[in-house]
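Take a look at the structure below.
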There are 2 protein chains.
Amino acid sequence: MTAPRRRDAGRSRALLLTAATDLFAERGFDRTTVRDIGERAGVDPALIARYYGGKAQLYLAALRAEKGEEPPEDLLAPGRLGGLLDRLARRGPGPIFQAAARPHDDPAVRDAARAQLEVRLVGPLEERFTRAGVDRPRLRAELAVAAFAGVVLGRDAGAFEALAAADPGELAALVTEMLRP
Amino acid sequence: MTAPRRRDAGRSRALLLTAATDLFAERGFDRTTVRDIGERAGVDPALIARYYGGKAQLYLAALRAEKGEEPPEDLLAPGRLGGLLDRLARRGPGPIFQAAARPHDDPAVRDAARAQLEVRLVGPLEERFTRAGVDRPRLRAELAVAAFAGVVLGRDAGAFEALAAADPGELAALVTEMLRP
DNA sequence: GACGGATGTCATCATGCGTGGACATCATCT
DNA sequence: AGATGATGTCCACGCATGATGACATCCGTC
């Protein structure tokens with residue numbers, strides 16, 4: 001059997017990636033420092049530059065890694081909204097929703113976040129609306145996703161007391177009702 | 001007639017305040033620097049500390065100054081949504097909506113923003129819902145405001161192409177339909 | 001016109017950030 | 001065992017930001 005190597009670049013890379021994923025989801029890109037990431041990962045922050053090329057590229061890697069985590073079912077599929085709300089309440093709003101509300105400085109980062117938003121949320125919803133024969137499916141899909149992002153972010157921001165305290169099931173029902181065209 | 005005084009503390013204060021109001025509305029608190037404010041105002045940034053006590057307190061002053069600008073009519077009052085969307089498209093999302101999506105570090109700043117959100121948006125809407133006999137008026141009001149904030153911010157963030165390009169009238173109609181319980 | 005407070009200007013400090021490089025330590029191969 | 005590349009540690013730089021205080025300049029008053 002292979003004894004656990006005390007030095008393992010792959011392991012360090014992975015630790016940095018998961019720590020970064022968590023912190024970016026909780027606090028967003030700007031409010032997360034490479035020193036924070038290193039501390040949570042138990043890895044020297046300088047290795048971020050070495051292994052990923054910098055903070056921005058680590059962010060991109062985290063974004064892509066989250067990709068396959070859940071099949072891109074659309075927001076109005078049964079149960080999807082509740083599950084998403086539940087997960088986001090535990091893990092924080094995540095990079096994608098934050099990107100929906102505030103543009104990034106770095107163009108590469110901004111474009112990547114936009115692409116994720118498209119693939120995971122807007123696209124599927126537009127497809128549903130199109131299938132249902134709804135008028136202006138694209139606009140309605142973007143509108144719904146933006147509104148949902150507002151709910152998710154607002155819930156986390158602490159500015160809405162009742163929203164944060166609401167029962168997840170009831171909230172999911174209300175949001176579904178609101179988003180349905 | 002009074003010759004324009006070359007040195008006028010009141011004028012400098014006012015210039016700083018309006019410049020800060022604009023910049024905070026456009027970029028938010030974090031991405032606005034005191035040097036930016038000073039440059040736009042044509043006033044030395046050091047005077048921010050002198051006249052307001054610091055950047056955070058200038059932000060508070062800007063928040064309070066915006067207060068009486070519009071009577072707190074609720075979001076679903078006829079014409080209100082369209083007017084608001086129009087104004088926000090020109091001036092940027094403003095500090096209040098940004099605070100709805102992202103909490104501030106400074107507790108004083110955060111509380112002030114929350115108070116504004118309550119007085120100007122959530123409170124009036126809750127009152128309307130209560131009058132209409134809607135179930136869970138508080139929760140529904142917070143939900144609607146959060147969703148609307150998402151739309152406003154998303155429109156400005158550049159992540160939603162169709163949303164940003166949508167005709168204001170049509171958008172207002174769609175949002176009204178979405179927000180109505 | 002001289003005084004003193006008000007107002008403006010400038011240099012500088014303290015802090016936190018991302019990044020890079022020098023150096024140390026480990027693991028593997030011969 | 002020794003050589004060599006991989007991996008980890010640490011320090012320090014450069015930069016941006018908010019804040020502060022010393023100094024200069026203006027203006028109303030006597």
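Residues in the structure tokens are numbered from 1 in each chain, the chains being A, B, ... in the order shown, and ligands are numbered from 1 in the order shown.
What chain A places within 6 Å of chain B, counting only C-alpha atoms, is Ala100, Ala101, Arg102, Pro103, Arg114, Leu139, Ala146, Ala147, Ala149, Gly150, Val151, Leu153, Gly154, Ala157, Ala159, Ala162, Leu163 and Met178 of chain A.
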Can you write just those residues out, N, CA and C atoms, as a PDB file, in the first residue's frame?
```pdb
ATOM      1  N   ALA A 100     -24.443  37.449 -11.153  1.00  0.00           N
ATOM      2  CA  ALA A 100     -25.668  37.959 -11.757  1.00  0.00           C
ATOM      3  C   ALA A 100     -25.985  39.366 -11.280  1.00  0.00           C
ATOM      4  N   ALA A 101     -25.535  39.684 -10.093  1.00  0.00           N
ATOM      5  CA  ALA A 101     -25.907  40.975  -9.515  1.00  0.00           C
ATOM      6  C   ALA A 101     -24.810  42.013  -9.609  1.00  0.00           C
ATOM      7  N   ARG A 102     -23.594  41.552  -9.807  1.00  0.00           N
ATOM      8  CA  ARG A 102     -22.500  42.521  -9.849  1.00  0.00           C
ATOM      9  C   ARG A 102     -21.432  42.075 -10.803  1.00  0.00           C
ATOM     10  N   PRO A 103     -21.122  42.908 -11.767  1.00  0.00           N
ATOM     11  CA  PRO A 103     -20.131  42.522 -12.762  1.00  0.00           C
ATOM     12  C   PRO A 103     -18.731  42.507 -12.168  1.00  0.00           C
ATOM     13  N   ARG A 114     -20.700  34.616 -16.698  1.00  0.00           N
ATOM     14  CA  ARG A 114     -21.867  34.762 -17.565  1.00  0.00           C
ATOM     15  C   ARG A 114     -22.190  33.468 -18.277  1.00  0.00           C
ATOM     16  N   LEU A 139     -36.483  36.791 -22.701  1.00  0.00           N
ATOM     17  CA  LEU A 139     -36.609  37.869 -21.718  1.00  0.00           C
ATOM     18  C   LEU A 139     -37.194  37.361 -20.410  1.00  0.00           C
ATOM     19  N   ALA A 146     -32.887  36.564 -12.813  1.00  0.00           N
ATOM     20  CA  ALA A 146     -32.442  37.751 -12.082  1.00  0.00           C
ATOM     21  C   ALA A 146     -33.238  37.914 -10.796  1.00  0.00           C
ATOM     22  N   ALA A 147     -34.524  37.721 -10.874  1.00  0.00           N
ATOM     23  CA  ALA A 147     -35.356  37.843  -9.675  1.00  0.00           C
ATOM     24  C   ALA A 147     -34.970  36.793  -8.644  1.00  0.00           C
ATOM     25  N   ALA A 149     -32.118  35.360  -8.335  1.00  0.00           N
ATOM     26  CA  ALA A 149     -30.827  35.746  -7.766  1.00  0.00           C
ATOM     27  C   ALA A 149     -31.024  36.792  -6.669  1.00  0.00           C
ATOM     28  N   GLY A 150     -31.926  37.722  -6.906  1.00  0.00           N
ATOM     29  CA  GLY A 150     -32.202  38.726  -5.879  1.00  0.00           C
ATOM     30  C   GLY A 150     -32.690  38.088  -4.597  1.00  0.00           C
ATOM     31  N   VAL A 151     -33.549  37.109  -4.723  1.00  0.00           N
ATOM     32  CA  VAL A 151     -34.073  36.426  -3.538  1.00  0.00           C
ATOM     33  C   VAL A 151     -32.954  35.709  -2.808  1.00  0.00           C
ATOM     34  N   LEU A 153     -29.683  36.169  -2.953  1.00  0.00           N
ATOM     35  CA  LEU A 153     -28.696  37.077  -2.380  1.00  0.00           C
ATOM     36  C   LEU A 153     -29.286  37.847  -1.197  1.00  0.00           C
ATOM     37  N   GLY A 154     -30.509  38.286  -1.367  1.00  0.00           N
ATOM     38  CA  GLY A 154     -31.150  39.042  -0.290  1.00  0.00           C
ATOM     39  C   GLY A 154     -31.309  38.212   0.963  1.00  0.00           C
ATOM     40  N   ALA A 157     -27.977  38.250   2.520  1.00  0.00           N
ATOM     41  CA  ALA A 157     -27.426  39.548   2.891  1.00  0.00           C
ATOM     42  C   ALA A 157     -27.864  39.992   4.279  1.00  0.00           C
ATOM     43  N   ALA A 159     -30.593  41.477   5.007  1.00  0.00           N
ATOM     44  CA  ALA A 159     -31.412  42.680   4.987  1.00  0.00           C
ATOM     45  C   ALA A 159     -32.904  42.354   5.077  1.00  0.00           C
ATOM     46  N   ALA A 162     -37.749  38.405   7.501  1.00  0.00           N
ATOM     47  CA  ALA A 162     -38.753  37.365   7.285  1.00  0.00           C
ATOM     48  C   ALA A 162     -38.307  36.408   6.183  1.00  0.00           C
ATOM     49  N   LEU A 163     -37.661  36.938   5.198  1.00  0.00           N
ATOM     50  CA  LEU A 163     -37.196  36.113   4.086  1.00  0.00           C
ATOM     51  C   LEU A 163     -36.169  35.094   4.552  1.00  0.00           C
ATOM     52  N   MET A 178     -44.223  32.992  -8.072  1.00  0.00           N
ATOM     53  CA  MET A 178     -43.795  34.292  -8.591  1.00  0.00           C
ATOM     54  C   MET A 178     -43.113  34.142  -9.955  1.00  0.00           C
TER      55      MET A 178
END
```
Residue list for chain A near chain C as a ChimeraX atom specification, 12 Å, only C-alpha atoms (C1' of nucleotides):
/A:5-8,30-36,45-50,53-56
Can you write out as a tab-separated table which residues of chain D fall within 10 Å of chain A, alongside each residue's closest atom pair and its distance in Å to one decimal, counting only C-alpha atoms (C1' of nucleotides) and ordering rows by chain and ascending residue number?
```
residue	atom	partner	partner_atom	distance
D:DA6	C1'	A:Ala9	CA	8.6
D:DT7	C1'	A:Arg7	CA	6.3
D:DG8	C1'	A:Asp44	CA	7.8
D:DT9	C1'	A:Asp44	CA	7.7
D:DC10	C1'	A:Asp44	CA	9.7
```
In Å, with one decimal, what is the gap from atom CA of A:Gly79 to atom CA of A:Phe129?
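Atom CA of A:Gly79 sits 17.6 Å away from atom CA of A:Phe129.
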Please report the interatomic distance between atom CA of A:Arg87 and atom CA of A:Leu75 in Å with one decimal.
13.7 Å
With only C-alpha atoms as the basis for distance, which of A:Ala77, A:Ile37, A:Leu60, A:Ala173 is at the shortest distance from A:Pro107?
A:Leu60
Write down as number ranges by chain the residues of chain A whose backbone DSSP state falls under helix (DSSP H, G or I).
A: 9-27, 34-41, 46-52, 55-65, 67-69, 80-91, 94-101, 107-131, 137-157, 161-165, 168-179
Could you please determine the separation between atom CA of A:Ala19 and atom CA of A:Tyr52 in Å, to one decimal place?
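Atom-to-atom, atom CA of A:Ala19 and atom CA of A:Tyr52 are spaced 13.7 Å apart.
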Distance query A:Ala20 at most 8 Å, only C-alpha atoms (C1' of nucleotides), self and fewer than 6 positions along chain excluded, as a list in words
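Non-adjacent residues within range: Ile37, Leu58, Tyr59 and Ala62 of chain A.
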